[in-house]
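Q: My questions all concern the structure below.
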Amino acid sequence: MRKKRLNGLLWEIHEAYVKNRFVAVDGNDMIRILEELGARDEDFYTLKTVGEHLAPDPTLPFRETNGGRFCLDSERNKISRLEFQPFVLSIAEDFVRHDSGKLRSFRGIGDNLQLNKAFHALLFFKYFIIRDVNVSPRANLDMSSAKWVSTVFPTRTITTPDLLGEPALEGVHSDGVDHTMTSLLGSHNMMNDSAKTFIHDMREENSKRWNETNRLLRTGEFQHKKFLDTVLIIDHERKHSLSPVHATDPNQRATRDVIIFFTRKPATEGHISYHYDSFNPHLEFPLSLDIPQPPVIVRADDSRNG
Ligand SMILES: [Fe+2]
């Protein structure tokens, strides 16, 4: 794909994101974009297997999850891995679940994902789409910073004959960030009406199940069906919910693998994550990527007002 076409595609996605405050991107378009940003066939192949190497989620029995923190630095034009920190989401951030406010520790992302060029390209892609988008600011985030912290969770949701896998047990919620992005890595034995994502107006009530929500407050719907189907949501302007994972053969295990990118500005004093928001590098798994130069041109959000 020529650079001009890549620019055009990124620009279209960016414009749709600015206009609708969320955007869905077809997996085939994602593959073309990621290839242009350096991903090779073998990277796509290994990205599909990431879900086979995850640790049990600390608070959800039907989920396996690893975690990693990355800094997107628009001043230095670099993306780097940050040291481990516990992870927490609170009710104040529109995340109402039994583990709201609880510190959660996820096993760190390993080299099988961190060195994958398709993964690097996903980080670049997200950066290009969000960097010039003005969002409704959350309390106690430093919106003037040139840095974002991006917390990445490769996640497998599992349904068994005894356990229903819920991609969002919390019902209607936000993820406590500025921009949420989720891409599908794969699924197995999953019914094709499973795991739909519903987008809601902020007036929708937190923790309602997806099928109990007010249709008049539903502003969009999306289903990840094939590899790298992707959705981006401006997280403080739209809430979301998801339907469960149902098994095609109910006697067998069903799985759904995604990779989630939460991205927000640094926390300031008073934010629940303030003490867990280090920008120190990860010493055991260092990574420092130059964002491709010359930068892919994306028109700045006209509504930007700082
Ligand atoms: Fe979410």
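Naming scheme: A, B, ... for chains in displayed order of the structure tokens; residues 1 onward per chain; ligands 1 onward as shown.
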Using only C-alpha atoms and all ligand atoms, find each protein or nucleic acid residue lying at most 7 Å from ligand 1; present the set as a ChimeraX atom specification.
A: /A:168,173-175,240
Q: Kindly indicate which residue among A:Met190, A:Val172, A:Val231, A:Leu6 lies nearest to Thr248 (chain A), using only C-alpha atoms for the distances.
A: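 Nearest to Thr248 (chain A): A:Met190.
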Q: For Ile260 (chain A), list every protein, DNA or RNA residue within 12 Å, evaluated using only C-alpha atoms, and leave out those in the same chain fewer than 5 positions away; present the list as a ChimeraX atom specification.
A: /A:65-69,119,122-123,126,150-156,167,175,179-185,228,230-233
Q: What does the distance between CA of Asp142 (chain A) and CA of Pro286 (chain A) come to in Å, to one decimal place?
A: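 The value is 25.1 Å.
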Q: Tell me, as number ranges by chain, which residues lie within 12 Å of Ile272 (chain A), counting only C-alpha atoms; anything in the same chain fewer than 6 positions away does not count.
A: A: 86-93, 100-103, 139-141, 176, 266
Q: Just to be explicit: take each residue in the selection above, keep N, CA and C atoms, and write the result as a compact mmCIF listing (two decimals), in the first residue's frame.
A:
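Ended up saving to out.txt:
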# COMPACT_ATOMS: atom_id res chain seq x y z
N PRO A 86 0.52 -1.77 39.94
CA PRO A 86 -0.82 -2.36 40.10
C PRO A 86 -1.83 -1.55 39.29
N PHE A 87 -2.94 -2.19 38.97
CA PHE A 87 -3.97 -1.56 38.14
C PHE A 87 -5.24 -1.41 38.96
N VAL A 88 -5.90 -0.28 38.80
CA VAL A 88 -7.13 -0.05 39.56
C VAL A 88 -8.10 0.81 38.75
N LEU A 89 -9.38 0.45 38.83
CA LEU A 89 -10.45 1.29 38.26
C LEU A 89 -11.48 1.51 39.36
N SER A 90 -12.10 2.68 39.35
CA SER A 90 -12.99 3.03 40.46
C SER A 90 -14.40 3.34 39.96
N ILE A 91 -15.31 3.37 40.90
CA ILE A 91 -16.70 3.74 40.59
C ILE A 91 -16.74 5.17 40.03
N ALA A 92 -15.86 6.04 40.57
CA ALA A 92 -15.81 7.43 40.09
C ALA A 92 -15.49 7.51 38.60
N GLU A 93 -14.86 6.46 38.07
CA GLU A 93 -14.53 6.44 36.64
C GLU A 93 -15.59 5.68 35.83
N SER A 100 -14.18 -3.02 41.90
CA SER A 100 -13.92 -1.58 41.74
C SER A 100 -13.09 -1.07 42.93
N GLY A 101 -12.09 -0.27 42.65
CA GLY A 101 -11.28 0.31 43.71
C GLY A 101 -10.22 -0.63 44.26
N LYS A 102 -10.21 -1.87 43.78
CA LYS A 102 -9.24 -2.85 44.29
C LYS A 102 -7.99 -2.86 43.39
N LEU A 103 -6.82 -2.94 44.02
CA LEU A 103 -5.59 -3.02 43.23
C LEU A 103 -5.49 -4.42 42.63
N ALA A 139 -11.47 14.10 35.40
CA ALA A 139 -10.89 14.78 36.56
C ALA A 139 -9.52 14.19 36.87
N ASN A 140 -8.60 15.07 37.27
CA ASN A 140 -7.28 14.65 37.76
C ASN A 140 -6.44 13.90 36.73
N LEU A 141 -6.58 14.30 35.48
CA LEU A 141 -5.61 13.87 34.47
C LEU A 141 -4.94 15.11 33.92
N GLY A 176 -12.21 4.27 32.36
CA GLY A 176 -11.39 5.19 33.15
C GLY A 176 -10.28 5.87 32.38
N PRO A 266 -1.48 11.33 31.95
CA PRO A 266 -1.00 10.96 33.29
C PRO A 266 -1.93 11.45 34.39
Q: Which polymer residues have any atom within 12 Å of an atom of Phe227 (chain A), counting only C-alpha atoms, with same-chain residues fewer than 2 positions away left out, as a list in words?
A: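 So the residues in contact are Val25, Asp26, Gly27, Asn28, Asp29, Met30, Ile31, Phe44, Tyr45, Leu47, Lys48, Thr49, Thr182, Ser183, Leu184, Leu185, Gly186, Ser187, Gln223, His224, Lys225, Asp229, Thr230, Arg256, Asp257, Val258 and Ile259 of chain A.
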Q: Keeping only N, CA, C and O atoms, take the residues you just selected and write them out as a tab-separated table (two decimals), in the first residue's frame.
A:
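Below you can see part10.tsv, which holds the result:
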chain	number	residue	atom	x	y	z
A	25	VAL	N	-13.29	-0.51	12.78
A	25	VAL	CA	-12.40	-0.67	11.63
A	25	VAL	C	-12.38	-2.15	11.23
A	25	VAL	O	-12.19	-3.02	12.08
A	26	ASP	N	-12.59	-2.40	9.95
A	26	ASP	CA	-12.59	-3.77	9.44
A	26	ASP	C	-11.20	-4.39	9.57
A	26	ASP	O	-10.19	-3.74	9.31
A	27	GLY	N	-11.17	-5.68	9.95
A	27	GLY	CA	-9.90	-6.38	10.15
A	27	GLY	C	-9.01	-6.38	8.91
A	27	GLY	O	-7.78	-6.30	9.02
A	28	ASN	N	-9.62	-6.45	7.72
A	28	ASN	CA	-8.79	-6.44	6.50
A	28	ASN	C	-8.10	-5.09	6.31
A	28	ASN	O	-6.95	-5.03	5.87
A	29	ASP	N	-8.81	-4.02	6.64
A	29	ASP	CA	-8.17	-2.70	6.59
A	29	ASP	C	-7.05	-2.61	7.63
A	29	ASP	O	-5.99	-2.03	7.36
A	30	MET	N	-7.31	-3.19	8.81
A	30	MET	CA	-6.27	-3.17	9.85
A	30	MET	C	-5.02	-3.90	9.37
A	30	MET	O	-3.90	-3.44	9.60
A	31	ILE	N	-5.20	-5.05	8.73
A	31	ILE	CA	-4.02	-5.81	8.24
A	31	ILE	C	-3.23	-4.96	7.26
A	31	ILE	O	-2.00	-4.88	7.33
A	44	PHE	N	1.65	-11.57	12.23
A	44	PHE	CA	0.21	-11.82	12.32
A	44	PHE	C	-0.04	-13.24	12.82
A	44	PHE	O	-0.94	-13.48	13.63
A	45	TYR	N	0.78	-14.18	12.34
A	45	TYR	CA	0.61	-15.58	12.75
A	45	TYR	C	0.78	-15.71	14.26
A	45	TYR	O	-0.04	-16.32	14.95
A	47	LEU	N	0.66	-13.32	16.52
A	47	LEU	CA	-0.32	-12.51	17.27
A	47	LEU	C	-1.59	-13.33	17.56
A	47	LEU	O	-2.19	-13.21	18.62
A	48	LYS	N	-1.94	-14.20	16.61
A	48	LYS	CA	-3.14	-15.03	16.79
A	48	LYS	C	-2.99	-16.04	17.93
A	48	LYS	O	-3.97	-16.57	18.42
A	49	THR	N	-1.73	-16.33	18.33
A	49	THR	CA	-1.50	-17.35	19.36
A	49	THR	C	-1.30	-16.76	20.75
A	49	THR	O	-1.10	-17.49	21.72
A	182	THR	N	-10.06	-1.98	21.17
A	182	THR	CA	-10.08	-3.45	21.29
A	182	THR	C	-10.01	-4.07	19.91
A	182	THR	O	-10.78	-3.70	19.02
A	183	SER	N	-9.09	-5.03	19.74
A	183	SER	CA	-8.97	-5.76	18.47
A	183	SER	C	-9.14	-7.25	18.74
A	183	SER	O	-8.64	-7.77	19.74
A	184	LEU	N	-9.82	-7.92	17.82
A	184	LEU	CA	-10.01	-9.37	17.98
A	184	LEU	C	-8.77	-10.12	17.50
A	184	LEU	O	-8.25	-9.86	16.41
A	185	LEU	N	-8.32	-11.08	18.33
A	185	LEU	CA	-7.20	-11.94	17.93
A	185	LEU	C	-7.70	-13.30	17.44
A	185	LEU	O	-7.04	-13.93	16.61
A	186	GLY	N	-8.83	-13.75	17.97
A	186	GLY	CA	-9.36	-15.03	17.51
A	186	GLY	C	-10.47	-15.53	18.42
A	186	GLY	O	-10.72	-14.95	19.49
A	187	SER	N	-11.13	-16.59	17.99
A	187	SER	CA	-12.15	-17.22	18.83
A	187	SER	C	-12.24	-18.70	18.46
A	187	SER	O	-11.80	-19.10	17.38
A	223	GLN	N	-19.69	-5.66	16.31
A	223	GLN	CA	-19.30	-7.02	16.68
A	223	GLN	C	-17.96	-7.36	16.04
A	223	GLN	O	-17.80	-7.25	14.82
A	224	HIS	N	-17.01	-7.77	16.87
A	224	HIS	CA	-15.73	-8.26	16.36
A	224	HIS	C	-15.97	-9.65	15.79
A	224	HIS	O	-16.31	-10.57	16.54
A	225	LYS	N	-15.79	-9.80	14.51
A	225	LYS	CA	-16.05	-11.12	13.90
A	225	LYS	C	-14.79	-11.80	13.40
A	225	LYS	O	-14.65	-13.00	13.51
A	229	ASP	N	-10.55	-7.20	13.55
A	229	ASP	CA	-11.68	-6.25	13.64
A	229	ASP	C	-11.45	-5.44	14.92
A	229	ASP	O	-11.14	-6.00	15.98
A	230	THR	N	-11.63	-4.14	14.80
A	230	THR	CA	-11.17	-3.22	15.87
A	230	THR	C	-12.22	-2.15	16.14
A	230	THR	O	-12.88	-1.68	15.22
A	256	ARG	N	-12.68	-16.54	23.43
A	256	ARG	CA	-12.63	-15.30	22.61
A	256	ARG	C	-11.39	-14.52	23.06
A	256	ARG	O	-11.29	-14.17	24.24
A	257	ASP	N	-10.48	-14.28	22.13
A	257	ASP	CA	-9.23	-13.58	22.45
A	257	ASP	C	-9.23	-12.19	21.85
A	257	ASP	O	-9.47	-12.02	20.64
A	258	VAL	N	-8.95	-11.21	22.68
A	258	VAL	CA	-8.84	-9.83	22.20
A	258	VAL	C	-7.58	-9.21	22.78
A	258	VAL	O	-6.98	-9.73	23.72
A	259	ILE	N	-7.19	-8.09	22.20
A	259	ILE	CA	-6.15	-7.27	22.83
A	259	ILE	C	-6.74	-5.87	23.03
A	259	ILE	O	-7.32	-5.29	22.11
Q: Set the distance at 6 Å and use only C-alpha atoms: which residues neighbour Asp43 (chain A) once local chain neighbours fewer than 2 positions away are removed? I'd like the list as a PyMOL selection string.
A: chain A and resi 40-41+45-47+116-118
Q: Between CA of Arg107 (chain A) and CA of Phe262 (chain A), what distance in Å does the model show, to one decimal?
A: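 A separation of 16.7 Å between them.
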Q: Can you tell me, as a list in words, what residues are no more than 10 Å from Glu212 (chain A) when counting only C-alpha atoms, ignoring any on the same chain fewer than 3 positions away?
A: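 So the residues in contact are Gly171, Val172, Ser207, Lys208, Arg209 and Arg215 of chain A.
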Q: Between A:Arg264, A:Lys196, A:Lys147, A:His246, single out the one closest to Leu163 (chain A), counting only C-alpha atoms.
A: A:His246
Q: Mind pulling up the distance from CA of Phe95 (chain A) to CA of Met191 (chain A)?
A: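 CA of Phe95 (chain A) lies at a distance of 27.3 Å from CA of Met191 (chain A).
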Q: Quick one: of A:Leu72, A:Leu115, A:Ala16, A:Leu37, who's nearest to Arg131 (chain A), counting only C-alpha atoms?
A: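 Nearest candidate to Arg131 (chain A) out of A:Leu72, A:Leu115, A:Ala16, A:Leu37: A:Leu72.
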Q: Apply DSSP to the structure's backbone, then extract all residues of region 54-195 of chain A labelled strand (DSSP E or B) and return them as a count of residues only.
A: 50
Q: Between A:Asp235, A:Asp290, A:Glu284, A:Glu204, which is the closest to Ser74 (chain A) once you count only C-alpha atoms?
A: A:Asp290
Q: From the options A:Asn192, A:Asn280, A:Asn20, A:Asn214, which residue's atoms come nearest to Asp249 (chain A), counting only C-alpha atoms?
A: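 The closest residue to Asp249 (chain A) is A:Asn192.
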Q: Where does region 63-146 of chain A meet region 51-57 of chain A within 12 Å, residue by residue, with the nearest atom pair and distance in Å to one decimal for each, counting only C-alpha atoms, listed by chain and rising number, as a Markdown table?
A:
| residue | atom | partner | partner_atom | distance |
| --- | --- | --- | --- | --- |
| A:Arg63 | CA | A:Asp57 | CA | 5.5 |
| A:Glu64 | CA | A:Pro56 | CA | 4.3 |
| A:Thr65 | CA | A:Asp57 | CA | 5.2 |
| A:Asn66 | CA | A:Leu54 | CA | 5.7 |
| A:Gly67 | CA | A:Leu54 | CA | 9.4 |
| A:Asp99 | CA | A:Asp57 | CA | 11.9 |
| A:Arg104 | CA | A:Asp57 | CA | 9.0 |
| A:Ser105 | CA | A:Asp57 | CA | 8.8 |
| A:Phe106 | CA | A:Asp57 | CA | 7.0 |
| A:Arg107 | CA | A:Ala55 | CA | 6.5 |
| A:Gly108 | CA | A:Ala55 | CA | 9.2 |
| A:Ile109 | CA | A:Leu54 | CA | 8.6 |
| A:Gly110 | CA | A:His53 | CA | 9.2 |
| A:Asp111 | CA | A:His53 | CA | 11.2 |
| A:Asn112 | CA | A:His53 | CA | 8.8 |
| A:Leu113 | CA | A:His53 | CA | 9.8 |
